[in-house]
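Engineer: File query.cif follows (mmCIF, N, CA and C atoms):
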```cif
data_entry
#
loop_
_atom_site.label_atom_id
_atom_site.label_comp_id
_atom_site.auth_asym_id
_atom_site.auth_seq_id
_atom_site.Cartn_x
_atom_site.Cartn_y
_atom_site.Cartn_z
N GLN G 965 0.82 -1.19 0.00
CA GLN G 965 0.00 0.00 0.00
C GLN G 965 0.85 1.25 0.00
N VAL G 966 0.30 2.31 -0.56
CA VAL G 966 1.01 3.58 -0.61
C VAL G 966 0.95 4.25 0.75
N GLN G 967 2.08 4.74 1.19
CA GLN G 967 2.13 5.53 2.42
C GLN G 967 2.68 6.91 2.11
N LEU G 968 2.10 7.90 2.75
CA LEU G 968 2.56 9.28 2.60
C LEU G 968 2.91 9.79 3.99
N VAL G 969 4.11 10.31 4.16
CA VAL G 969 4.56 10.79 5.46
C VAL G 969 4.85 12.28 5.36
N GLU G 970 4.10 13.05 6.17
CA GLU G 970 4.28 14.50 6.18
C GLU G 970 5.19 14.92 7.33
N SER G 971 5.82 16.06 7.15
CA SER G 971 6.63 16.66 8.21
C SER G 971 6.69 18.17 8.00
N GLY G 972 7.08 18.88 9.05
CA GLY G 972 7.31 20.31 8.92
C GLY G 972 6.28 21.22 9.56
N GLY G 973 5.24 20.66 10.12
CA GLY G 973 4.24 21.51 10.75
C GLY G 973 4.75 22.09 12.05
N GLY G 974 3.95 22.96 12.66
CA GLY G 974 4.35 23.55 13.93
C GLY G 974 3.61 24.83 14.22
N LEU G 975 4.11 25.54 15.22
CA LEU G 975 3.53 26.82 15.63
C LEU G 975 4.37 27.96 15.08
N VAL G 976 3.73 28.92 14.47
CA VAL G 976 4.44 30.06 13.89
C VAL G 976 3.61 31.32 14.12
N GLN G 977 4.29 32.45 14.23
CA GLN G 977 3.60 33.71 14.41
C GLN G 977 3.06 34.21 13.07
N PRO G 978 2.02 35.03 13.10
CA PRO G 978 1.51 35.63 11.85
C PRO G 978 2.63 36.34 11.10
N GLY G 979 2.65 36.14 9.79
CA GLY G 979 3.70 36.70 8.95
C GLY G 979 4.90 35.79 8.79
N GLY G 980 4.95 34.72 9.54
CA GLY G 980 6.07 33.79 9.48
C GLY G 980 5.95 32.79 8.35
N SER G 981 6.91 31.87 8.32
CA SER G 981 6.97 30.88 7.24
C SER G 981 7.15 29.47 7.81
N LEU G 982 6.66 28.50 7.06
CA LEU G 982 6.88 27.09 7.35
C LEU G 982 7.03 26.36 6.03
N ARG G 983 7.72 25.23 6.07
CA ARG G 983 7.88 24.39 4.89
C ARG G 983 7.45 22.98 5.24
N LEU G 984 6.44 22.50 4.54
CA LEU G 984 5.95 21.13 4.72
C LEU G 984 6.57 20.22 3.66
N SER G 985 6.84 18.98 4.06
CA SER G 985 7.35 17.99 3.11
C SER G 985 6.51 16.72 3.19
N CYS G 986 6.38 16.07 2.06
CA CYS G 986 5.65 14.81 1.96
C CYS G 986 6.52 13.80 1.24
N VAL G 987 6.75 12.66 1.88
CA VAL G 987 7.53 11.59 1.26
C VAL G 987 6.62 10.40 0.99
N PRO G 988 6.44 10.02 -0.26
CA PRO G 988 5.63 8.84 -0.57
C PRO G 988 6.46 7.57 -0.52
N SER G 989 5.78 6.43 -0.43
CA SER G 989 6.49 5.16 -0.42
C SER G 989 6.96 4.75 -1.81
N GLY G 990 6.44 5.43 -2.85
CA GLY G 990 6.90 5.21 -4.20
C GLY G 990 7.52 6.46 -4.77
N ASN G 991 8.02 6.36 -5.99
CA ASN G 991 8.60 7.54 -6.63
C ASN G 991 7.52 8.59 -6.88
N ILE G 992 7.87 9.84 -6.64
CA ILE G 992 6.86 10.90 -6.80
C ILE G 992 6.31 10.95 -8.23
N PHE G 993 7.11 10.53 -9.21
CA PHE G 993 6.64 10.58 -10.60
C PHE G 993 5.77 9.38 -10.96
N SER G 994 5.54 8.48 -10.02
CA SER G 994 4.62 7.38 -10.26
C SER G 994 3.17 7.80 -10.00
N PHE G 995 2.98 9.02 -9.48
CA PHE G 995 1.66 9.54 -9.19
C PHE G 995 1.26 10.58 -10.24
N ASN G 996 -0.02 10.56 -10.60
CA ASN G 996 -0.51 11.52 -11.60
C ASN G 996 -0.56 12.94 -11.02
N VAL G 997 -0.97 13.01 -9.77
CA VAL G 997 -1.07 14.30 -9.09
C VAL G 997 -0.66 14.12 -7.64
N MET G 998 0.05 15.09 -7.11
CA MET G 998 0.33 15.13 -5.67
C MET G 998 -0.01 16.53 -5.17
N GLY G 999 -0.51 16.58 -3.95
CA GLY G 999 -0.92 17.89 -3.47
C GLY G 999 -1.07 17.96 -1.97
N TRP G 1000 -1.50 19.12 -1.54
CA TRP G 1000 -1.73 19.40 -0.13
C TRP G 1000 -3.16 19.90 0.06
N TYR G 1001 -3.82 19.34 1.06
CA TYR G 1001 -5.13 19.78 1.48
C TYR G 1001 -5.01 20.22 2.94
N ARG G 1002 -6.03 20.93 3.40
CA ARG G 1002 -6.06 21.29 4.82
C ARG G 1002 -7.48 21.24 5.34
N GLN G 1003 -7.56 21.03 6.65
CA GLN G 1003 -8.87 21.00 7.31
C GLN G 1003 -8.76 21.72 8.64
N ALA G 1004 -9.53 22.80 8.73
CA ALA G 1004 -9.59 23.56 9.98
C ALA G 1004 -10.75 23.03 10.82
N PRO G 1005 -10.73 23.25 12.12
CA PRO G 1005 -11.81 22.76 12.99
C PRO G 1005 -13.17 23.26 12.52
N GLY G 1006 -14.11 22.35 12.38
CA GLY G 1006 -15.46 22.70 11.98
C GLY G 1006 -15.63 23.01 10.51
N LYS G 1007 -14.58 22.81 9.72
CA LYS G 1007 -14.66 23.11 8.29
C LYS G 1007 -14.36 21.86 7.46
N GLN G 1008 -14.74 21.91 6.20
CA GLN G 1008 -14.46 20.80 5.30
C GLN G 1008 -13.00 20.84 4.83
N ARG G 1009 -12.50 19.69 4.48
CA ARG G 1009 -11.16 19.61 3.93
C ARG G 1009 -11.15 20.32 2.57
N GLU G 1010 -10.12 21.12 2.33
CA GLU G 1010 -10.05 21.89 1.09
C GLU G 1010 -8.68 21.76 0.45
N LEU G 1011 -8.68 21.89 -0.87
CA LEU G 1011 -7.42 21.86 -1.62
C LEU G 1011 -6.63 23.13 -1.33
N VAL G 1012 -5.34 22.97 -1.07
CA VAL G 1012 -4.44 24.10 -0.91
C VAL G 1012 -3.62 24.29 -2.18
N ALA G 1013 -2.98 23.22 -2.63
CA ALA G 1013 -2.15 23.29 -3.83
C ALA G 1013 -1.89 21.88 -4.33
N GLU G 1014 -1.73 21.74 -5.64
CA GLU G 1014 -1.39 20.45 -6.21
C GLU G 1014 -0.49 20.63 -7.41
N ILE G 1015 0.24 19.55 -7.72
CA ILE G 1015 1.15 19.57 -8.86
C ILE G 1015 0.99 18.26 -9.62
N THR G 1016 0.87 18.36 -10.94
CA THR G 1016 0.70 17.18 -11.76
C THR G 1016 2.04 16.57 -12.12
N LYS G 1017 2.01 15.37 -12.67
CA LYS G 1017 3.23 14.71 -13.09
C LYS G 1017 4.00 15.58 -14.08
N GLY G 1018 3.26 16.30 -14.90
CA GLY G 1018 3.90 17.16 -15.90
C GLY G 1018 4.40 18.49 -15.35
N GLY G 1019 4.08 18.77 -14.09
CA GLY G 1019 4.58 19.98 -13.46
C GLY G 1019 3.59 21.14 -13.38
N SER G 1020 2.37 20.94 -13.86
CA SER G 1020 1.37 22.00 -13.75
C SER G 1020 0.92 22.13 -12.30
N THR G 1021 0.69 23.36 -11.88
CA THR G 1021 0.31 23.61 -10.49
C THR G 1021 -1.04 24.32 -10.41
N THR G 1022 -1.73 24.07 -9.31
CA THR G 1022 -3.00 24.72 -9.01
C THR G 1022 -2.96 25.15 -7.55
N TYR G 1023 -3.49 26.34 -7.29
CA TYR G 1023 -3.52 26.87 -5.93
C TYR G 1023 -4.93 27.36 -5.57
N ALA G 1024 -5.26 27.23 -4.30
CA ALA G 1024 -6.47 27.87 -3.81
C ALA G 1024 -6.27 29.38 -3.86
N ASP G 1025 -7.35 30.10 -4.14
CA ASP G 1025 -7.24 31.56 -4.24
C ASP G 1025 -6.68 32.17 -2.96
N SER G 1026 -7.02 31.57 -1.83
CA SER G 1026 -6.62 32.13 -0.54
C SER G 1026 -5.13 32.04 -0.28
N VAL G 1027 -4.40 31.21 -1.04
CA VAL G 1027 -2.96 31.06 -0.79
C VAL G 1027 -2.10 31.52 -1.95
N LYS G 1028 -2.71 31.93 -3.05
CA LYS G 1028 -1.94 32.37 -4.21
C LYS G 1028 -1.02 33.54 -3.84
N GLY G 1029 0.21 33.44 -4.28
CA GLY G 1029 1.18 34.48 -3.98
C GLY G 1029 1.88 34.30 -2.65
N ARG G 1030 1.39 33.39 -1.83
CA ARG G 1030 2.01 33.15 -0.51
C ARG G 1030 2.61 31.75 -0.39
N PHE G 1031 1.94 30.77 -1.00
CA PHE G 1031 2.38 29.37 -0.91
C PHE G 1031 2.94 28.92 -2.25
N THR G 1032 3.91 28.03 -2.18
CA THR G 1032 4.50 27.46 -3.39
C THR G 1032 4.67 25.96 -3.22
N ILE G 1033 4.13 25.18 -4.16
CA ILE G 1033 4.31 23.74 -4.15
C ILE G 1033 5.45 23.39 -5.11
N SER G 1034 6.28 22.43 -4.70
CA SER G 1034 7.41 22.05 -5.54
C SER G 1034 7.78 20.60 -5.30
N ARG G 1035 8.64 20.09 -6.17
CA ARG G 1035 9.12 18.72 -6.04
C ARG G 1035 10.64 18.72 -5.88
N ASP G 1036 11.13 17.85 -5.03
CA ASP G 1036 12.57 17.65 -4.90
C ASP G 1036 12.87 16.24 -5.42
N ILE G 1037 13.45 16.19 -6.60
CA ILE G 1037 13.67 14.90 -7.25
C ILE G 1037 14.69 14.06 -6.49
N VAL G 1038 15.70 14.70 -5.94
CA VAL G 1038 16.76 13.97 -5.23
C VAL G 1038 16.21 13.35 -3.94
N LYS G 1039 15.44 14.14 -3.20
CA LYS G 1039 14.89 13.66 -1.92
C LYS G 1039 13.57 12.91 -2.10
N ASN G 1040 13.01 12.95 -3.32
CA ASN G 1040 11.72 12.30 -3.59
C ASN G 1040 10.62 12.84 -2.68
N THR G 1041 10.53 14.16 -2.62
CA THR G 1041 9.52 14.79 -1.78
C THR G 1041 8.71 15.80 -2.58
N VAL G 1042 7.51 16.06 -2.10
CA VAL G 1042 6.70 17.17 -2.57
C VAL G 1042 6.58 18.14 -1.40
N ASN G 1043 6.93 19.39 -1.66
CA ASN G 1043 7.03 20.37 -0.59
C ASN G 1043 6.03 21.50 -0.76
N LEU G 1044 5.67 22.09 0.36
CA LEU G 1044 4.79 23.26 0.35
C LEU G 1044 5.47 24.35 1.17
N GLN G 1045 5.97 25.36 0.49
CA GLN G 1045 6.56 26.51 1.17
C GLN G 1045 5.46 27.50 1.45
N MET G 1046 5.29 27.82 2.73
CA MET G 1046 4.20 28.71 3.14
C MET G 1046 4.80 29.97 3.75
N ASN G 1047 4.56 31.09 3.10
CA ASN G 1047 5.06 32.39 3.57
C ASN G 1047 3.89 33.29 3.95
N SER G 1048 4.20 34.34 4.67
CA SER G 1048 3.19 35.32 5.08
C SER G 1048 1.97 34.64 5.69
N LEU G 1049 2.23 33.74 6.60
CA LEU G 1049 1.14 32.94 7.19
C LEU G 1049 0.19 33.80 8.01
N LYS G 1050 -1.08 33.42 7.95
CA LYS G 1050 -2.14 34.13 8.64
C LYS G 1050 -2.82 33.18 9.63
N PRO G 1051 -3.48 33.71 10.64
CA PRO G 1051 -4.22 32.84 11.56
C PRO G 1051 -5.23 31.94 10.84
N ASP G 1052 -5.80 32.42 9.74
CA ASP G 1052 -6.75 31.61 8.97
C ASP G 1052 -6.10 30.41 8.30
N ASP G 1053 -4.79 30.35 8.26
CA ASP G 1053 -4.09 29.21 7.69
C ASP G 1053 -3.97 28.06 8.69
N THR G 1054 -4.38 28.30 9.91
CA THR G 1054 -4.32 27.26 10.95
C THR G 1054 -5.22 26.08 10.57
N ALA G 1055 -4.62 24.90 10.52
CA ALA G 1055 -5.36 23.70 10.11
C ALA G 1055 -4.43 22.50 10.20
N VAL G 1056 -5.01 21.32 10.03
CA VAL G 1056 -4.21 20.13 9.80
C VAL G 1056 -4.00 20.02 8.29
N TYR G 1057 -2.76 19.90 7.89
CA TYR G 1057 -2.42 19.81 6.47
C TYR G 1057 -2.13 18.36 6.10
N TYR G 1058 -2.77 17.92 5.01
CA TYR G 1058 -2.66 16.55 4.57
C TYR G 1058 -2.02 16.47 3.19
N CYS G 1059 -1.11 15.54 3.03
CA CYS G 1059 -0.57 15.23 1.71
C CYS G 1059 -1.51 14.26 1.01
N ASN G 1060 -1.69 14.46 -0.28
CA ASN G 1060 -2.57 13.62 -1.08
C ASN G 1060 -1.86 13.20 -2.36
N ALA G 1061 -2.12 11.99 -2.80
CA ALA G 1061 -1.54 11.50 -4.05
C ALA G 1061 -2.56 10.69 -4.82
N LEU G 1062 -2.57 10.85 -6.13
CA LEU G 1062 -3.50 10.13 -7.01
C LEU G 1062 -2.72 9.30 -8.01
N ARG G 1063 -3.14 8.04 -8.15
CA ARG G 1063 -2.50 7.14 -9.11
C ARG G 1063 -3.49 6.10 -9.57
N SER G 1064 -3.67 6.01 -10.88
CA SER G 1064 -4.56 5.00 -11.47
C SER G 1064 -5.95 5.03 -10.85
N GLY G 1065 -6.47 6.23 -10.63
CA GLY G 1065 -7.81 6.37 -10.11
C GLY G 1065 -7.96 6.20 -8.62
N ALA G 1066 -6.89 5.89 -7.93
CA ALA G 1066 -6.94 5.72 -6.48
C ALA G 1066 -6.27 6.90 -5.79
N GLY G 1067 -6.86 7.32 -4.67
CA GLY G 1067 -6.33 8.43 -3.91
C GLY G 1067 -5.77 7.96 -2.58
N TYR G 1068 -4.71 8.60 -2.14
CA TYR G 1068 -4.04 8.23 -0.89
C TYR G 1068 -3.83 9.48 -0.04
N TRP G 1069 -3.88 9.28 1.28
CA TRP G 1069 -3.74 10.38 2.22
C TRP G 1069 -2.66 10.08 3.24
N GLY G 1070 -1.99 11.15 3.66
CA GLY G 1070 -1.09 11.03 4.79
C GLY G 1070 -1.87 11.21 6.08
N GLN G 1071 -1.16 11.14 7.20
CA GLN G 1071 -1.79 11.26 8.51
C GLN G 1071 -2.07 12.71 8.89
N GLY G 1072 -1.41 13.63 8.25
CA GLY G 1072 -1.63 15.04 8.54
C GLY G 1072 -0.59 15.62 9.48
N THR G 1073 -0.37 16.92 9.32
CA THR G 1073 0.55 17.63 10.21
C THR G 1073 -0.10 18.96 10.60
N GLN G 1074 -0.04 19.28 11.88
CA GLN G 1074 -0.72 20.47 12.38
C GLN G 1074 0.10 21.73 12.10
N VAL G 1075 -0.58 22.73 11.58
CA VAL G 1075 0.01 24.06 11.39
C VAL G 1075 -0.84 25.04 12.20
N THR G 1076 -0.20 25.75 13.11
CA THR G 1076 -0.90 26.72 13.94
C THR G 1076 -0.23 28.07 13.79
N VAL G 1077 -1.01 29.06 13.39
CA VAL G 1077 -0.51 30.42 13.21
C VAL G 1077 -1.14 31.29 14.29
N SER G 1078 -0.31 31.71 15.22
CA SER G 1078 -0.83 32.45 16.37
C SER G 1078 0.28 33.25 17.01
N SER G 1079 -0.10 34.39 17.57
CA SER G 1079 0.87 35.21 18.30
C SER G 1079 0.81 34.88 19.79
#
```
Can the structure in the file be given as C-alpha cells, please?

Structural biologist:
Amino acid sequence: QVQLVESGGGLVQPGGSLRLSCVPSGNIFSFNVMGWYRQAPGKQRELVAEITKGGSTTYADSVKGRFTISRDIVKNTVNLQMNSLKPDDTAVYYCNALRSGAGYWGQGTQVTVSS
C-alpha cells in the first residue's frame, strides 16, 4: 500500500513561514497528481495546492502568492513553502496523491498560526 509521510508543521507567528514535506512510499513521478489539502476545525477539507506529473500547479485563491508547491527529485519529496502565514491558515495539512484512479492520504501535520 502507498504511504505518505508529512513533516514540517508547527507553531508560527503571523507573517512567518513554514515548509511542509511529503515523502511517498513510491517515486513521486509514479503519481498523476500530488498535493496538499487542509482541514480547519469545523470546516471541510479543502485543496491548498497540487502539482501534476507534468509539473502544472494549481492553488487555492486564498494562498496564491504566498504558498509554493514544488518537487525535490533527489529527496523524492513534494514540498509546500508557506510564507506570510495568517491565523486563517491554521489547520491540519494533509498530503494527497493520485495514481490509477486511487487516492491516498497522509496522517496530517498540524500548522498553527498564532501570536

Engineer: Name the residues that the PyMOL selection byres ((chain G and resi 994) around 8) picks from the file above, as a list in words, using the file's chain letters and numbers.

Structural biologist: Gly990, Asn991, Ile992, Phe993, Phe995, Asn996, Val997, Lys1017, Leu1062, Arg1063 and Ser1064 of chain G

Engineer: With distances taken over all atoms listed in the file, which of G:Thr1022, G:Gln965, G:Ile1033, G:Glu970 is nearest to G:Tyr1057?

Structural biologist: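 Of G:Thr1022, G:Gln965, G:Ile1033, G:Glu970, the one nearest G:Tyr1057 is G:Glu970, counting all atoms listed in the file.
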
Engineer: Residues within 6.5 Å of G:Val969, please, as a list in words. Count all atoms listed in the file; anything in the same chain fewer than 6 positions from it doesn't count.

Structural biologist: Ser985, Cys986, Val987, Pro988, Ser989, Gly1070 and Gln1071 of chain G

Engineer: Written as a VMD selection string, which residues does the PyMOL selection byres ((chain G and resi 1051) around 6.5) give for the file shown?

Structural biologist: chain G and resid 978 1049 to 1050 1052 to 1054 1077 to 1078

Engineer: What residues come out when you apply the PyMOL selection byres ((chain G and resi 1042) around 6) to this file, written as a list in words?

Structural biologist: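 Listing what the PyMOL selection byres ((chain G and resi 1042) around 6) selects in the shown file: Leu984, Ser985, Cys986, Val987, Ser1034, Arg1035, Asp1036, Asn1040, Thr1041, Asn1043 and Leu1044 of chain G.
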
Engineer: So which bits of chain G end up strand (DSSP E) when you DSSP the backbone, as a PyMOL selection string?

Structural biologist: chain G and resi 968-971+974-976+982-988+997-1003+1010-1016+1021-1023+1031-1036+1041-1046+1055-1063+1066-1069+1073-1077

Engineer: Show me, as a compact mmCIF listing (two decimals) with N, CA and C atoms, keeping the file's coordinate frame, the residues that have an atom within 6 Å of stretch 998-1009 of chain G when counting only C-alpha atoms, minus same-chain residues fewer than 2 positions from it.

Structural biologist:
```txt
# COMPACT_ATOMS: atom_id res chain seq x y z
N LEU G 1011 -8.68 21.89 -0.87
CA LEU G 1011 -7.42 21.86 -1.62
C LEU G 1011 -6.63 23.13 -1.33
N VAL G 1012 -5.34 22.97 -1.07
CA VAL G 1012 -4.44 24.10 -0.91
C VAL G 1012 -3.62 24.29 -2.18
N ALA G 1013 -2.98 23.22 -2.63
CA ALA G 1013 -2.15 23.29 -3.83
C ALA G 1013 -1.89 21.88 -4.33
N GLU G 1014 -1.73 21.74 -5.64
CA GLU G 1014 -1.39 20.45 -6.21
C GLU G 1014 -0.49 20.63 -7.41
N ILE G 1015 0.24 19.55 -7.72
CA ILE G 1015 1.15 19.57 -8.86
C ILE G 1015 0.99 18.26 -9.62
N ALA G 1055 -4.62 24.90 10.52
CA ALA G 1055 -5.36 23.70 10.11
C ALA G 1055 -4.43 22.50 10.20
N VAL G 1056 -5.01 21.32 10.03
CA VAL G 1056 -4.21 20.13 9.80
C VAL G 1056 -4.00 20.02 8.29
N TYR G 1057 -2.76 19.90 7.89
CA TYR G 1057 -2.42 19.81 6.47
C TYR G 1057 -2.13 18.36 6.10
N TYR G 1058 -2.77 17.92 5.01
CA TYR G 1058 -2.66 16.55 4.57
C TYR G 1058 -2.02 16.47 3.19
N CYS G 1059 -1.11 15.54 3.03
CA CYS G 1059 -0.57 15.23 1.71
C CYS G 1059 -1.51 14.26 1.01
N ASN G 1060 -1.69 14.46 -0.28
CA ASN G 1060 -2.57 13.62 -1.08
C ASN G 1060 -1.86 13.20 -2.36
N ALA G 1061 -2.12 11.99 -2.80
CA ALA G 1061 -1.54 11.50 -4.05
C ALA G 1061 -2.56 10.69 -4.82
```

Engineer: Missing atoms in stretch 1006-1030 of chain G need filling: write out N, CA, C and O atoms for it as a PDB file, in the frame of the given file.

Structural biologist:
```
ATOM      1  N   GLY G1006     -14.110  22.350  12.380  1.00  0.00           N
ATOM      2  CA  GLY G1006     -15.460  22.700  11.980  1.00  0.00           C
ATOM      3  C   GLY G1006     -15.630  23.010  10.510  1.00  0.00           C
ATOM      4  O   GLY G1006     -16.719  23.412  10.082  1.00  0.00           O
ATOM      5  N   LYS G1007     -14.580  22.810   9.720  1.00  0.00           N
ATOM      6  CA  LYS G1007     -14.660  23.110   8.290  1.00  0.00           C
ATOM      7  C   LYS G1007     -14.360  21.860   7.460  1.00  0.00           C
ATOM      8  O   LYS G1007     -13.758  20.904   7.950  1.00  0.00           O
ATOM      9  N   GLN G1008     -14.740  21.910   6.200  1.00  0.00           N
ATOM     10  CA  GLN G1008     -14.460  20.800   5.300  1.00  0.00           C
ATOM     11  C   GLN G1008     -13.000  20.840   4.830  1.00  0.00           C
ATOM     12  O   GLN G1008     -12.374  21.905   4.815  1.00  0.00           O
ATOM     13  N   ARG G1009     -12.500  19.690   4.480  1.00  0.00           N
ATOM     14  CA  ARG G1009     -11.160  19.610   3.930  1.00  0.00           C
ATOM     15  C   ARG G1009     -11.150  20.320   2.570  1.00  0.00           C
ATOM     16  O   ARG G1009     -12.061  20.128   1.757  1.00  0.00           O
ATOM     17  N   GLU G1010     -10.120  21.120   2.330  1.00  0.00           N
ATOM     18  CA  GLU G1010     -10.050  21.890   1.090  1.00  0.00           C
ATOM     19  C   GLU G1010      -8.680  21.760   0.450  1.00  0.00           C
ATOM     20  O   GLU G1010      -7.666  21.582   1.122  1.00  0.00           O
ATOM     21  N   LEU G1011      -8.680  21.890  -0.870  1.00  0.00           N
ATOM     22  CA  LEU G1011      -7.420  21.860  -1.620  1.00  0.00           C
ATOM     23  C   LEU G1011      -6.630  23.130  -1.330  1.00  0.00           C
ATOM     24  O   LEU G1011      -7.168  24.238  -1.369  1.00  0.00           O
ATOM     25  N   VAL G1012      -5.340  22.970  -1.070  1.00  0.00           N
ATOM     26  CA  VAL G1012      -4.440  24.100  -0.910  1.00  0.00           C
ATOM     27  C   VAL G1012      -3.620  24.290  -2.180  1.00  0.00           C
ATOM     28  O   VAL G1012      -3.598  25.374  -2.761  1.00  0.00           O
ATOM     29  N   ALA G1013      -2.980  23.220  -2.630  1.00  0.00           N
ATOM     30  CA  ALA G1013      -2.150  23.290  -3.830  1.00  0.00           C
ATOM     31  C   ALA G1013      -1.890  21.880  -4.330  1.00  0.00           C
ATOM     32  O   ALA G1013      -1.855  20.929  -3.535  1.00  0.00           O
ATOM     33  N   GLU G1014      -1.730  21.740  -5.640  1.00  0.00           N
ATOM     34  CA  GLU G1014      -1.390  20.450  -6.210  1.00  0.00           C
ATOM     35  C   GLU G1014      -0.490  20.630  -7.410  1.00  0.00           C
ATOM     36  O   GLU G1014      -0.436  21.708  -8.016  1.00  0.00           O
ATOM     37  N   ILE G1015       0.240  19.550  -7.720  1.00  0.00           N
ATOM     38  CA  ILE G1015       1.150  19.570  -8.860  1.00  0.00           C
ATOM     39  C   ILE G1015       0.990  18.260  -9.620  1.00  0.00           C
ATOM     40  O   ILE G1015       0.919  17.185  -9.024  1.00  0.00           O
ATOM     41  N   THR G1016       0.870  18.360 -10.940  1.00  0.00           N
ATOM     42  CA  THR G1016       0.700  17.180 -11.760  1.00  0.00           C
ATOM     43  C   THR G1016       2.040  16.570 -12.120  1.00  0.00           C
ATOM     44  O   THR G1016       3.100  17.189 -11.915  1.00  0.00           O
ATOM     45  N   LYS G1017       2.010  15.370 -12.670  1.00  0.00           N
ATOM     46  CA  LYS G1017       3.230  14.710 -13.090  1.00  0.00           C
ATOM     47  C   LYS G1017       4.000  15.580 -14.080  1.00  0.00           C
ATOM     48  O   LYS G1017       5.237  15.625 -14.069  1.00  0.00           O
ATOM     49  N   GLY G1018       3.260  16.300 -14.900  1.00  0.00           N
ATOM     50  CA  GLY G1018       3.900  17.160 -15.900  1.00  0.00           C
ATOM     51  C   GLY G1018       4.400  18.490 -15.350  1.00  0.00           C
ATOM     52  O   GLY G1018       5.038  19.253 -16.064  1.00  0.00           O
ATOM     53  N   GLY G1019       4.080  18.770 -14.090  1.00  0.00           N
ATOM     54  CA  GLY G1019       4.580  19.980 -13.460  1.00  0.00           C
ATOM     55  C   GLY G1019       3.590  21.140 -13.380  1.00  0.00           C
ATOM     56  O   GLY G1019       3.931  22.212 -12.869  1.00  0.00           O
ATOM     57  N   SER G1020       2.370  20.940 -13.860  1.00  0.00           N
ATOM     58  CA  SER G1020       1.370  22.000 -13.750  1.00  0.00           C
ATOM     59  C   SER G1020       0.920  22.130 -12.300  1.00  0.00           C
ATOM     60  O   SER G1020       0.761  21.124 -11.599  1.00  0.00           O
ATOM     61  N   THR G1021       0.690  23.360 -11.880  1.00  0.00           N
ATOM     62  CA  THR G1021       0.310  23.610 -10.490  1.00  0.00           C
ATOM     63  C   THR G1021      -1.040  24.320 -10.410  1.00  0.00           C
ATOM     64  O   THR G1021      -1.429  25.068 -11.314  1.00  0.00           O
ATOM     65  N   THR G1022      -1.730  24.070  -9.310  1.00  0.00           N
ATOM     66  CA  THR G1022      -3.000  24.720  -9.010  1.00  0.00           C
ATOM     67  C   THR G1022      -2.960  25.150  -7.550  1.00  0.00           C
ATOM     68  O   THR G1022      -2.475  24.408  -6.693  1.00  0.00           O
ATOM     69  N   TYR G1023      -3.490  26.340  -7.290  1.00  0.00           N
ATOM     70  CA  TYR G1023      -3.520  26.870  -5.930  1.00  0.00           C
ATOM     71  C   TYR G1023      -4.930  27.360  -5.570  1.00  0.00           C
ATOM     72  O   TYR G1023      -5.649  27.873  -6.421  1.00  0.00           O
ATOM     73  N   ALA G1024      -5.260  27.230  -4.300  1.00  0.00           N
ATOM     74  CA  ALA G1024      -6.470  27.870  -3.810  1.00  0.00           C
ATOM     75  C   ALA G1024      -6.270  29.380  -3.860  1.00  0.00           C
ATOM     76  O   ALA G1024      -5.162  29.882  -3.653  1.00  0.00           O
ATOM     77  N   ASP G1025      -7.350  30.100  -4.140  1.00  0.00           N
ATOM     78  CA  ASP G1025      -7.240  31.560  -4.240  1.00  0.00           C
ATOM     79  C   ASP G1025      -6.680  32.170  -2.960  1.00  0.00           C
ATOM     80  O   ASP G1025      -5.933  33.151  -2.996  1.00  0.00           O
ATOM     81  N   SER G1026      -7.020  31.570  -1.830  1.00  0.00           N
ATOM     82  CA  SER G1026      -6.620  32.130  -0.540  1.00  0.00           C
ATOM     83  C   SER G1026      -5.130  32.040  -0.280  1.00  0.00           C
ATOM     84  O   SER G1026      -4.623  32.720   0.625  1.00  0.00           O
ATOM     85  N   VAL G1027      -4.400  31.210  -1.040  1.00  0.00           N
ATOM     86  CA  VAL G1027      -2.960  31.060  -0.790  1.00  0.00           C
ATOM     87  C   VAL G1027      -2.100  31.520  -1.950  1.00  0.00           C
ATOM     88  O   VAL G1027      -0.870  31.517  -1.847  1.00  0.00           O
ATOM     89  N   LYS G1028      -2.710  31.930  -3.050  1.00  0.00           N
ATOM     90  CA  LYS G1028      -1.940  32.370  -4.210  1.00  0.00           C
ATOM     91  C   LYS G1028      -1.020  33.540  -3.840  1.00  0.00           C
ATOM     92  O   LYS G1028      -1.439  34.476  -3.171  1.00  0.00           O
ATOM     93  N   GLY G1029       0.210  33.440  -4.280  1.00  0.00           N
ATOM     94  CA  GLY G1029       1.180  34.480  -3.980  1.00  0.00           C
ATOM     95  C   GLY G1029       1.880  34.300  -2.650  1.00  0.00           C
ATOM     96  O   GLY G1029       2.866  35.004  -2.369  1.00  0.00           O
ATOM     97  N   ARG G1030       1.390  33.390  -1.830  1.00  0.00           N
ATOM     98  CA  ARG G1030       2.010  33.150  -0.510  1.00  0.00           C
ATOM     99  C   ARG G1030       2.610  31.750  -0.390  1.00  0.00           C
ATOM    100  O   ARG G1030       3.615  31.554   0.281  1.00  0.00           O
TER     101      ARG G1030
END
```
